[in-house]
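Participant: I have a structure I would like to understand better, so I am pasting it below and will then ask my questions one at a time.
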Amino acid sequence: MSMTPDGIEARLRALAEEMASRSGYELVDLEYRRESAGWTVRLFIDRPGGVTLEDCQRVSQEFGTLLEVEDPIPHPFHLEVSSPGLDRPLRKQADYLAAVGKKVRLQMRQPLEGRRHFSGRLEGVEDAPGEGFRLQMKDDSGTQHVIPAEGVEKAHIVYEWPELTSQGPRKGRRPGKTR
């Protein structure tokens, strides 16, 4: 009996979670999808201080070996491992707690207050008995929202570029050059 893509993804996620935690990494996300070049398994890993190219290579080798032994995928695939990047996805309550005070973008499964997309500052995370947890958010217009996390389809941090200061390079000038 063959597994569905969702069943394969669930098995991959369980294997990746176990391998990552055993190796000192956090599995931020896993994607298993068919793309133009064929099936792809993509892991996003992190650890305190960030991940390096060597970390990605190490996890790729370890997870690749594990996949050869466990053999959960019945067809050829590509394995990719990378850091979550500046626009880190938010999945678990711990991810949201770490993002309090930062700008985030959310996409809801169903409309909430007449809309599916929210962008703004995450102000807090509260436990909601029977619901898991809720997000307190102030959107870009300054309106406060309480959003049930179970209704969020996708969420990620929106990286805010630091403002350029008068000491930094200015357009049209090269550092160290005088006029």
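Lettering and numbering for the structure tokens are positional, with chains as A, B, ... in the shown order, residues counted from 1 in each chain, and ligands counted from 1 in the shown order.
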Quick check for you: according to DSSP on this backbone, which residues of region 18-173 of chain A are classed as helix (DSSP H, G or I)? Reply as a PyMOL selection string.
Facilitator: chain A and resi 18-22+53-70+93-98+149-151
Participant: Contacts of region 44-50 of chain A at 8 Å or less, counting only C-alpha atoms, minus same-chain residues fewer than 2 places along, as a PyMOL selection string?
Facilitator: chain A and resi 20+24-30+42+52+56+81-84
Participant: Using N, CA and C atoms, can you export the residues from the last selection as a PDB file, in the first residue's frame?
Facilitator:
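See again-v2.pdb below for the written result:
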```pdb
ATOM      1  N   ALA A  20      16.956  16.235  13.657  1.00  0.00           N
ATOM      2  CA  ALA A  20      17.410  17.598  13.939  1.00  0.00           C
ATOM      3  C   ALA A  20      17.650  17.806  15.431  1.00  0.00           C
ATOM      4  N   GLY A  24      21.212  18.703  17.472  1.00  0.00           N
ATOM      5  CA  GLY A  24      21.363  20.060  18.012  1.00  0.00           C
ATOM      6  C   GLY A  24      20.778  21.162  17.152  1.00  0.00           C
ATOM      7  N   TYR A  25      19.869  20.812  16.241  1.00  0.00           N
ATOM      8  CA  TYR A  25      19.228  21.800  15.375  1.00  0.00           C
ATOM      9  C   TYR A  25      17.736  21.843  15.665  1.00  0.00           C
ATOM     10  N   GLU A  26      17.113  22.902  15.193  1.00  0.00           N
ATOM     11  CA  GLU A  26      15.659  23.006  15.239  1.00  0.00           C
ATOM     12  C   GLU A  26      15.144  22.861  13.813  1.00  0.00           C
ATOM     13  N   LEU A  27      14.173  21.997  13.613  1.00  0.00           N
ATOM     14  CA  LEU A  27      13.520  21.921  12.314  1.00  0.00           C
ATOM     15  C   LEU A  27      12.471  23.031  12.285  1.00  0.00           C
ATOM     16  N   VAL A  28      12.726  24.051  11.496  1.00  0.00           N
ATOM     17  CA  VAL A  28      11.810  25.188  11.391  1.00  0.00           C
ATOM     18  C   VAL A  28      10.644  24.834  10.486  1.00  0.00           C
ATOM     19  N   ASP A  29      10.941  24.164   9.380  1.00  0.00           N
ATOM     20  CA  ASP A  29       9.882  23.803   8.443  1.00  0.00           C
ATOM     21  C   ASP A  29      10.378  22.683   7.536  1.00  0.00           C
ATOM     22  N   LEU A  30       9.436  21.995   6.925  1.00  0.00           N
ATOM     23  CA  LEU A  30       9.732  20.959   5.951  1.00  0.00           C
ATOM     24  C   LEU A  30       8.710  21.094   4.841  1.00  0.00           C
ATOM     25  N   ARG A  42      12.490  19.691   1.175  1.00  0.00           N
ATOM     26  CA  ARG A  42      13.243  20.877   1.562  1.00  0.00           C
ATOM     27  C   ARG A  42      13.135  21.050   3.083  1.00  0.00           C
ATOM     28  N   THR A  52      25.275  27.636   9.313  1.00  0.00           N
ATOM     29  CA  THR A  52      26.281  27.890   8.290  1.00  0.00           C
ATOM     30  C   THR A  52      26.074  26.923   7.134  1.00  0.00           C
ATOM     31  N   CYS A  56      24.310  23.037   6.994  1.00  0.00           N
ATOM     32  CA  CYS A  56      23.363  22.540   5.983  1.00  0.00           C
ATOM     33  C   CYS A  56      23.897  21.279   5.311  1.00  0.00           C
ATOM     34  N   VAL A  81      18.585  21.523   1.962  1.00  0.00           N
ATOM     35  CA  VAL A  81      18.616  21.951   3.359  1.00  0.00           C
ATOM     36  C   VAL A  81      19.112  23.389   3.386  1.00  0.00           C
ATOM     37  N   SER A  82      18.397  24.261   4.103  1.00  0.00           N
ATOM     38  CA  SER A  82      18.831  25.654   4.195  1.00  0.00           C
ATOM     39  C   SER A  82      18.367  26.275   5.508  1.00  0.00           C
ATOM     40  N   SER A  83      18.814  27.500   5.728  1.00  0.00           N
ATOM     41  CA  SER A  83      18.368  28.259   6.909  1.00  0.00           C
ATOM     42  C   SER A  83      16.981  28.828   6.601  1.00  0.00           C
ATOM     43  N   PRO A  84      16.249  29.249   7.632  1.00  0.00           N
ATOM     44  CA  PRO A  84      14.908  29.786   7.385  1.00  0.00           C
ATOM     45  C   PRO A  84      14.921  31.169   6.738  1.00  0.00           C
TER      46      PRO A  84
END
```
Participant: Which residues are near region 86-101 of chain A? Cut-off 9 Å, only C-alpha atoms, ignore same chain within fewer than 5 positions. Put them as JSON, numbers by chain.
Facilitator: {"A": [28, 29, 121, 122, 123, 124, 125, 132, 133, 135, 149, 154, 155, 156, 157, 158, 159]}
Participant: Write out as a ChimeraX atom specification which residues come within 10 Å of Glu113 (chain A) when counting only C-alpha atoms, dropping same-chain ones fewer than 2 positions away.
Facilitator: /A:110-111,115-116,145,147
Participant: Generate a file of the selected residues that holds C-alpha atoms, formatted as a PDB file, in the first residue's frame.
Facilitator:
```
ATOM      1  CA  GLN A 110     -10.953  31.540   6.304  1.00  0.00           C
ATOM      2  CA  PRO A 111     -11.732  35.267   6.399  1.00  0.00           C
ATOM      3  CA  ARG A 115     -10.237  39.589   5.423  1.00  0.00           C
ATOM      4  CA  ARG A 116      -7.679  36.807   5.010  1.00  0.00           C
ATOM      5  CA  HIS A 145      -6.751  42.220  16.438  1.00  0.00           C
ATOM      6  CA  ILE A 147      -6.351  36.117  16.001  1.00  0.00           C
TER       7      ILE A 147
END
```
Participant: Quick one, how far is CA of Ser119 (chain A) from CA of Gln107 (chain A)?
Facilitator: 8.9 Å
Participant: In Å to one decimal, how far is CA of Val104 (chain A) from CA of Ser60 (chain A)?
Facilitator: 29.2 Å
Participant: Record the distance separating CA of Val69 (chain A) and CA of Arg34 (chain A), expressed in Å with one decimal.
Facilitator: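 If I compute the distance from CA of Val69 (chain A) to CA of Arg34 (chain A), I get 22.2 Å.
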Participant: Just want the 9 Å neighbourhood of region 12-16 of chain A, counted on only C-alpha atoms, with same-chain residues fewer than 2 positions away dropped. Output as an mmCIF file with C-alpha atoms, in the first residue's frame.
Facilitator:
```cif
data_model
loop_
_atom_site.group_PDB
_atom_site.id
_atom_site.type_symbol
_atom_site.label_atom_id
_atom_site.label_comp_id
_atom_site.auth_asym_id
_atom_site.auth_seq_id
_atom_site.Cartn_x
_atom_site.Cartn_y
_atom_site.Cartn_z
ATOM 1 C CA GLY A 7 1.249 10.758 4.693
ATOM 2 C CA ILE A 8 4.759 10.855 3.251
ATOM 3 C CA GLU A 9 5.198 14.459 4.404
ATOM 4 C CA ALA A 10 4.050 13.555 7.930
ATOM 5 C CA GLU A 18 13.962 13.505 15.545
ATOM 6 C CA MET A 19 17.188 13.812 13.535
ATOM 7 C CA ALA A 20 17.410 17.598 13.939
ATOM 8 C CA SER A 21 16.878 17.608 17.707
ATOM 9 C CA LEU A 27 13.520 21.921 12.314
ATOM 10 C CA ASP A 29 9.882 23.803 8.443
ATOM 11 C CA LEU A 30 9.732 20.959 5.951
ATOM 12 C CA GLU A 31 8.300 21.052 2.443
ATOM 13 C CA TYR A 32 7.542 17.980 0.349
ATOM 14 C CA VAL A 41 12.162 17.537 0.096
ATOM 15 C CA LEU A 43 14.320 21.248 5.207
ATOM 16 C CA PHE A 63 19.103 13.146 6.661
ATOM 17 C CA LEU A 66 18.370 8.318 7.128
ATOM 18 C CA LEU A 67 16.095 8.504 4.067
ATOM 19 C CA GLU A 70 13.939 4.338 6.127
ATOM 20 C CA PRO A 72 9.658 6.605 2.999
ATOM 21 C CA ILE A 73 9.544 8.075 -0.531
#
```
